[in-house]
file coords_6.cif (mmCIF, N, CA and C atoms)
data_model
#
loop_
_atom_site.group_PDB
_atom_site.id
_atom_site.type_symbol
_atom_site.label_atom_id
_atom_site.label_comp_id
_atom_site.auth_asym_id
_atom_site.auth_seq_id
_atom_site.Cartn_x
_atom_site.Cartn_y
_atom_site.Cartn_z
ATOM 1 N N VAL A 572 153.714 66.304 39.448
ATOM 2 C CA VAL A 572 153.881 65.179 38.548
ATOM 3 C C VAL A 572 154.889 64.224 39.159
ATOM 4 N N ALA A 573 154.524 62.984 39.266
ATOM 5 C CA ALA A 573 155.421 61.975 39.838
ATOM 6 C C ALA A 573 156.376 61.479 38.786
ATOM 7 N N SER A 574 157.616 61.302 39.157
ATOM 8 C CA SER A 574 158.602 60.787 38.212
ATOM 9 C C SER A 574 158.569 59.269 38.220
ATOM 10 N N ALA A 575 159.144 58.660 37.202
ATOM 11 C CA ALA A 575 159.192 57.201 37.106
ATOM 12 C C ALA A 575 159.988 56.615 38.259
ATOM 13 N N ALA A 576 161.019 57.303 38.720
ATOM 14 C CA ALA A 576 161.837 56.805 39.823
ATOM 15 C C ALA A 576 161.028 56.732 41.119
ATOM 16 N N SER A 577 160.193 57.723 41.395
ATOM 17 C CA SER A 577 159.433 57.713 42.638
ATOM 18 C C SER A 577 158.327 56.665 42.614
ATOM 19 N N THR A 578 157.714 56.390 41.477
ATOM 20 C CA THR A 578 156.658 55.374 41.408
ATOM 21 C C THR A 578 157.233 53.963 41.454
ATOM 22 N N SER A 579 158.476 53.766 41.018
ATOM 23 C CA SER A 579 159.069 52.425 41.058
ATOM 24 C C SER A 579 159.441 52.035 42.481
ATOM 25 N N ASN A 580 159.541 52.995 43.415
ATOM 26 C CA ASN A 580 159.860 52.704 44.808
ATOM 27 C C ASN A 580 158.623 52.373 45.637
ATOM 28 N N ALA A 581 157.440 52.436 45.053
ATOM 29 C CA ALA A 581 156.206 52.166 45.786
ATOM 30 C C ALA A 581 156.147 50.692 46.178
ATOM 31 N N VAL A 582 155.650 50.430 47.386
ATOM 32 C CA VAL A 582 155.517 49.058 47.886
ATOM 33 C C VAL A 582 154.258 48.446 47.299
ATOM 34 N N ALA A 583 154.371 47.235 46.760
ATOM 35 C CA ALA A 583 153.216 46.537 46.193
ATOM 36 C C ALA A 583 152.299 46.086 47.326
ATOM 37 N N PHE A 584 150.998 46.020 47.049
ATOM 38 C CA PHE A 584 150.030 45.567 48.042
ATOM 39 C C PHE A 584 150.280 44.106 48.360
ATOM 40 N N ASP A 585 150.198 43.741 49.624
ATOM 41 C CA ASP A 585 150.365 42.360 50.052
ATOM 42 C C ASP A 585 149.186 41.987 50.951
ATOM 43 N N TRP A 586 148.469 40.908 50.616
ATOM 44 C CA TRP A 586 147.345 40.456 51.427
ATOM 45 C C TRP A 586 147.836 40.099 52.822
ATOM 46 N N PRO A 587 147.011 40.312 53.855
ATOM 47 C CA PRO A 587 147.419 39.956 55.220
ATOM 48 C C PRO A 587 147.499 38.437 55.375
ATOM 49 N N PRO A 588 148.237 37.966 56.396
ATOM 50 C CA PRO A 588 148.311 36.517 56.634
ATOM 51 C C PRO A 588 146.969 35.984 57.145
ATOM 52 N N SER A 589 146.833 34.676 57.192
ATOM 53 C CA SER A 589 145.607 34.053 57.705
ATOM 54 C C SER A 589 145.397 34.456 59.162
ATOM 55 N N THR A 590 144.140 34.699 59.517
ATOM 56 C CA THR A 590 143.825 35.098 60.893
ATOM 57 C C THR A 590 142.362 34.810 61.190
ATOM 58 N N ARG A 591 142.000 34.821 62.475
ATOM 59 C CA ARG A 591 140.620 34.601 62.899
ATOM 60 C C ARG A 591 140.280 35.613 63.998
ATOM 61 N N LEU A 592 139.129 36.260 63.868
ATOM 62 C CA LEU A 592 138.640 37.200 64.872
ATOM 63 C C LEU A 592 137.309 36.695 65.394
ATOM 64 N N THR A 593 137.113 36.747 66.714
ATOM 65 C CA THR A 593 135.868 36.310 67.333
ATOM 66 C C THR A 593 135.281 37.480 68.111
ATOM 67 N N TYR A 594 133.971 37.687 67.960
ATOM 68 C CA TYR A 594 133.276 38.815 68.576
ATOM 69 C C TYR A 594 132.111 38.322 69.417
ATOM 70 N N LYS A 595 131.810 39.058 70.468
ATOM 71 C CA LYS A 595 130.585 38.857 71.236
ATOM 72 C C LYS A 595 129.639 39.977 70.825
ATOM 73 N N LEU A 596 128.429 39.629 70.423
ATOM 74 C CA LEU A 596 127.450 40.605 69.965
ATOM 75 C C LEU A 596 126.438 40.894 71.062
ATOM 76 N N LEU A 597 126.189 42.160 71.301
ATOM 77 C CA LEU A 597 125.178 42.587 72.266
ATOM 78 C C LEU A 597 124.305 43.634 71.602
ATOM 79 N N GLY A 598 123.006 43.553 71.810
ATOM 80 C CA GLY A 598 122.110 44.530 71.213
ATOM 81 C C GLY A 598 120.766 44.538 71.908
ATOM 82 N N HIS A 599 119.848 45.261 71.320
ATOM 83 C CA HIS A 599 118.511 45.371 71.881
ATOM 84 C C HIS A 599 117.509 45.396 70.726
ATOM 85 N N TYR A 600 116.633 44.408 70.679
ATOM 86 C CA TYR A 600 115.529 44.371 69.730
ATOM 87 C C TYR A 600 114.363 43.709 70.434
ATOM 88 N N ARG A 601 113.427 44.519 70.877
ATOM 89 C CA ARG A 601 112.311 44.011 71.692
ATOM 90 C C ARG A 601 112.822 43.291 72.935
ATOM 91 N N GLY A 602 113.926 43.756 73.444
ATOM 92 C CA GLY A 602 114.582 43.166 74.599
ATOM 93 C C GLY A 602 116.040 42.896 74.292
ATOM 94 N N PRO A 603 116.804 42.480 75.292
ATOM 95 C CA PRO A 603 118.228 42.227 75.079
ATOM 96 C C PRO A 603 118.459 41.071 74.110
ATOM 97 N N VAL A 604 119.475 41.214 73.281
ATOM 98 C CA VAL A 604 119.849 40.186 72.303
ATOM 99 C C VAL A 604 121.348 39.955 72.429
ATOM 100 N N GLU A 605 121.759 38.695 72.453
ATOM 101 C CA GLU A 605 123.174 38.349 72.515
ATOM 102 C C GLU A 605 123.501 37.353 71.419
ATOM 103 N N GLY A 606 124.743 37.386 70.995
ATOM 104 C CA GLY A 606 125.174 36.447 69.980
ATOM 105 C C GLY A 606 126.683 36.447 69.850
ATOM 106 N N THR A 607 127.150 35.734 68.838
ATOM 107 C CA THR A 607 128.579 35.662 68.551
ATOM 108 C C THR A 607 128.794 35.807 67.051
ATOM 109 N N ALA A 608 129.994 36.211 66.685
ATOM 110 C CA ALA A 608 130.386 36.290 65.281
ATOM 111 C C ALA A 608 131.851 35.903 65.174
ATOM 112 N N GLN A 609 132.193 35.306 64.045
ATOM 113 C CA GLN A 609 133.578 34.935 63.810
ATOM 114 C C GLN A 609 133.909 35.223 62.352
ATOM 115 N N VAL A 610 135.029 35.886 62.141
ATOM 116 C CA VAL A 610 135.540 36.154 60.799
ATOM 117 C C VAL A 610 136.864 35.415 60.677
ATOM 118 N N GLU A 611 136.965 34.561 59.665
ATOM 119 C CA GLU A 611 138.197 33.816 59.441
ATOM 120 C C GLU A 611 138.708 34.133 58.041
ATOM 121 N N TRP A 612 139.931 34.622 57.969
ATOM 122 C CA TRP A 612 140.591 34.989 56.714
ATOM 123 C C TRP A 612 141.659 33.934 56.465
ATOM 124 N N LEU A 613 141.547 33.217 55.355
ATOM 125 C CA LEU A 613 142.509 32.174 55.004
ATOM 126 C C LEU A 613 143.231 32.576 53.726
ATOM 127 N N ARG A 614 144.535 32.581 53.776
ATOM 128 C CA ARG A 614 145.326 32.993 52.613
ATOM 129 C C ARG A 614 146.301 31.883 52.258
ATOM 130 N N GLN A 615 146.384 31.595 50.956
ATOM 131 C CA GLN A 615 147.360 30.643 50.446
ATOM 132 C C GLN A 615 147.899 31.212 49.142
ATOM 133 N N GLY A 616 149.082 31.790 49.197
ATOM 134 C CA GLY A 616 149.659 32.447 48.022
ATOM 135 C C GLY A 616 148.809 33.644 47.635
ATOM 136 N N SER A 617 148.344 33.678 46.383
ATOM 137 C CA SER A 617 147.514 34.789 45.924
ATOM 138 C C SER A 617 146.017 34.506 46.081
ATOM 139 N N ARG A 618 145.666 33.325 46.600
ATOM 140 C CA ARG A 618 144.258 32.962 46.822
ATOM 141 C C ARG A 618 143.863 33.285 48.257
ATOM 142 N N TYR A 619 142.593 33.615 48.442
ATOM 143 C CA TYR A 619 142.099 33.826 49.798
ATOM 144 C C TYR A 619 140.657 33.379 49.912
ATOM 145 N N GLN A 620 140.244 33.095 51.140
ATOM 146 C CA GLN A 620 138.849 32.829 51.480
ATOM 147 C C GLN A 620 138.548 33.604 52.752
ATOM 148 N N VAL A 621 137.331 34.119 52.839
ATOM 149 C CA VAL A 621 136.854 34.765 54.054
ATOM 150 C C VAL A 621 135.560 34.065 54.459
ATOM 151 N N HIS A 622 135.505 33.626 55.705
ATOM 152 C CA HIS A 622 134.313 32.986 56.250
ATOM 153 C C HIS A 622 133.762 33.876 57.360
ATOM 154 N N LEU A 623 132.490 34.192 57.285
ATOM 155 C CA LEU A 623 131.816 34.970 58.325
ATOM 156 C C LEU A 623 130.692 34.113 58.885
ATOM 157 N N SER A 624 130.730 33.879 60.189
ATOM 158 C CA SER A 624 129.693 33.094 60.864
ATOM 159 C C SER A 624 129.092 33.940 61.977
ATOM 160 N N THR A 625 127.770 33.953 62.067
ATOM 161 C CA THR A 625 127.085 34.666 63.138
ATOM 162 C C THR A 625 126.023 33.757 63.737
ATOM 163 N N ALA A 626 125.788 33.928 65.016
ATOM 164 C CA ALA A 626 124.712 33.227 65.715
ATOM 165 C C ALA A 626 124.117 34.221 66.698
ATOM 166 N N ILE A 627 122.821 34.455 66.575
ATOM 167 C CA ILE A 627 122.125 35.394 67.450
ATOM 168 C C ILE A 627 120.997 34.640 68.131
ATOM 169 N N GLY A 628 121.151 34.484 69.452
ATOM 170 C CA GLY A 628 120.156 33.718 70.191
ATOM 171 C C GLY A 628 120.091 32.297 69.668
ATOM 172 N N PRO A 629 119.072 31.554 70.045
ATOM 173 C CA PRO A 629 118.942 30.174 69.583
ATOM 174 C C PRO A 629 118.266 30.048 68.215
ATOM 175 N N VAL A 630 117.889 31.186 67.599
ATOM 176 C CA VAL A 630 117.047 31.135 66.418
ATOM 177 C C VAL A 630 117.766 31.456 65.111
ATOM 178 N N LEU A 631 118.712 32.364 65.115
ATOM 179 C CA LEU A 631 119.286 32.879 63.879
ATOM 180 C C LEU A 631 120.769 32.568 63.786
ATOM 181 N N SER A 632 121.168 31.952 62.685
ATOM 182 C CA SER A 632 122.591 31.753 62.424
ATOM 183 C C SER A 632 122.822 31.905 60.924
ATOM 184 N N ARG A 633 123.994 32.409 60.571
ATOM 185 C CA ARG A 633 124.366 32.632 59.168
ATOM 186 C C ARG A 633 125.814 32.244 58.967
ATOM 187 N N HIS A 634 126.106 31.771 57.771
ATOM 188 C CA HIS A 634 127.485 31.510 57.382
ATOM 189 C C HIS A 634 127.641 32.001 55.942
ATOM 190 N N ILE A 635 128.608 32.888 55.742
ATOM 191 C CA ILE A 635 128.867 33.464 54.422
ATOM 192 C C ILE A 635 130.332 33.224 54.071
ATOM 193 N N THR A 636 130.600 32.841 52.840
ATOM 194 C CA THR A 636 131.967 32.611 52.371
ATOM 195 C C THR A 636 132.218 33.411 51.116
ATOM 196 N N SER A 637 133.412 33.975 51.030
ATOM 197 C CA SER A 637 133.859 34.684 49.836
ATOM 198 C C SER A 637 135.245 34.170 49.506
ATOM 199 N N GLU A 638 135.539 34.016 48.227
ATOM 200 C CA GLU A 638 136.878 33.586 47.848
ATOM 201 C C GLU A 638 137.275 34.172 46.505
ATOM 202 N N ALA A 639 138.573 34.266 46.319
ATOM 203 C CA ALA A 639 139.114 34.790 45.058
ATOM 204 C C ALA A 639 140.476 34.186 44.835
ATOM 205 N N SER A 640 140.862 34.175 43.583
ATOM 206 C CA SER A 640 142.203 33.679 43.261
ATOM 207 C C SER A 640 142.958 34.709 42.471
#
call {"tool": "encode", "arguments": {"input": "coords_6.cif", "output": "structure tokens"}}
result
Amino acid sequence: VASAASTSNAVAFDWPPSTRLTYKLLGHYRGPVEGTAQVEWLRQGSRYQVHLSTAIGPVLSRHITSEAS
């Protein structure tokens, strides 16, 4: 059983700072496939947005956004 003193010392969750990650995609579907992906995390106070962009070959691209306050 946890005491009130031990639970009050717990660190509150903190969202990570804004950042961007870029990936090179390699795969095989009826031959070699190459592409890129980028994940961008934007934080402002307690609000955040996440943008995911992918491009595979000259034919397929996607952009997805999620946000919360």
call {"tool": "residues_around", "arguments": {"input": "coords_6.cif", "residues": "Trp586 in chain A", "least_positions_apart": "2", "cutoff": "8 Å", "atoms": "all atoms listed in the file", "output": "PyMOL selection string"}}
result
chain A and resi 583-584+588-589+614+616-617
call {"tool": "resolve_selection", "arguments": {"input": "coords_6.cif", "expression": "the PyMOL selection byres ((chain A and resi 626) around 6)", "output": "list in words"}}
result
Glu605, Gly606, Thr607, Ala608, Ser624, Thr625, Ile627, Gly628, Leu631, Ser632 and Arg633 of chain A
call {"tool": "write_last_selection", "arguments": {"input": "coords_6.cif", "atoms": "N, CA and C atoms", "output": "mmCIF file, in the frame of the given file"}}
result
data_model
loop_
_atom_site.group_PDB
_atom_site.id
_atom_site.type_symbol
_atom_site.label_atom_id
_atom_site.label_comp_id
_atom_site.auth_asym_id
_atom_site.auth_seq_id
_atom_site.Cartn_x
_atom_site.Cartn_y
_atom_site.Cartn_z
ATOM 1 N N GLU A 605 121.759 38.695 72.453
ATOM 2 C CA GLU A 605 123.174 38.349 72.515
ATOM 3 C C GLU A 605 123.501 37.353 71.419
ATOM 4 N N GLY A 606 124.743 37.386 70.995
ATOM 5 C CA GLY A 606 125.174 36.447 69.980
ATOM 6 C C GLY A 606 126.683 36.447 69.850
ATOM 7 N N THR A 607 127.150 35.734 68.838
ATOM 8 C CA THR A 607 128.579 35.662 68.551
ATOM 9 C C THR A 607 128.794 35.807 67.051
ATOM 10 N N ALA A 608 129.994 36.211 66.685
ATOM 11 C CA ALA A 608 130.386 36.290 65.281
ATOM 12 C C ALA A 608 131.851 35.903 65.174
ATOM 13 N N SER A 624 130.730 33.879 60.189
ATOM 14 C CA SER A 624 129.693 33.094 60.864
ATOM 15 C C SER A 624 129.092 33.940 61.977
ATOM 16 N N THR A 625 127.770 33.953 62.067
ATOM 17 C CA THR A 625 127.085 34.666 63.138
ATOM 18 C C THR A 625 126.023 33.757 63.737
ATOM 19 N N ILE A 627 122.821 34.455 66.575
ATOM 20 C CA ILE A 627 122.125 35.394 67.450
ATOM 21 C C ILE A 627 120.997 34.640 68.131
ATOM 22 N N GLY A 628 121.151 34.484 69.452
ATOM 23 C CA GLY A 628 120.156 33.718 70.191
ATOM 24 C C GLY A 628 120.091 32.297 69.668
ATOM 25 N N LEU A 631 118.712 32.364 65.115
ATOM 26 C CA LEU A 631 119.286 32.879 63.879
ATOM 27 C C LEU A 631 120.769 32.568 63.786
ATOM 28 N N SER A 632 121.168 31.952 62.685
ATOM 29 C CA SER A 632 122.591 31.753 62.424
ATOM 30 C C SER A 632 122.822 31.905 60.924
ATOM 31 N N ARG A 633 123.994 32.409 60.571
ATOM 32 C CA ARG A 633 124.366 32.632 59.168
ATOM 33 C C ARG A 633 125.814 32.244 58.967
#
call {"tool": "select_by_dssp", "arguments": {"input": "coords_6.cif", "residues": "chain A", "states": "alpha helix (DSSP H)", "output": "MDAnalysis selection string"}}
result
chainID A and resid 575:579
call {"tool": "resolve_selection", "arguments": {"input": "coords_6.cif", "expression": "the PyMOL selection byres ((chain A and resi 610-612) around 7)", "output": "list of chain:residue names"}}
result
A:Pro588, A:Ser589, A:Thr590, A:Arg591, A:Leu592, A:Thr593, A:Tyr594, A:Ala608, A:Gln609, A:Leu613, A:Arg614, A:Tyr619, A:Gln620, A:Val621, A:His622, A:Leu623, A:Ser624
call {"tool": "residues_around", "arguments": {"input": "coords_6.cif", "residues": "Arg618 in chain A", "least_positions_apart": "5", "cutoff": "8 Å", "atoms": "only N, CA and C atoms", "output": "ChimeraX atom specification"}}
result
/A:613,638-640
call {"tool": "atom_distance", "arguments": {"input": "coords_6.cif", "atom1": "atom N of Val630 in chain A", "atom2": "CA of His599 in chain A"}}
result
14.8 Å
call {"tool": "select_by_dssp", "arguments": {"input": "coords_6.cif", "residues": "range 605-640 of chain A", "states": "strand (DSSP E or B)", "output": "JSON, numbers by chain"}}
result
{"A": [605, 606, 607, 608, 609, 610, 611, 612, 613, 614, 615, 618, 619, 620, 621, 622, 623, 624, 625, 626, 627, 631, 632, 633, 634, 635, 636, 637, 638, 639]}
call {"tool": "atom_distance", "arguments": {"input": "coords_6.cif", "atom1": "atom N of Tyr600 in chain A", "atom2": "atom C of Ile635 in chain A"}}
result
24.3 Å
call {"tool": "atom_distance", "arguments": {"input": "coords_6.cif", "atom1": "CA of Gln615 in chain A", "atom2": "atom C of Asp585 in chain A"}}
result
11.5 Å
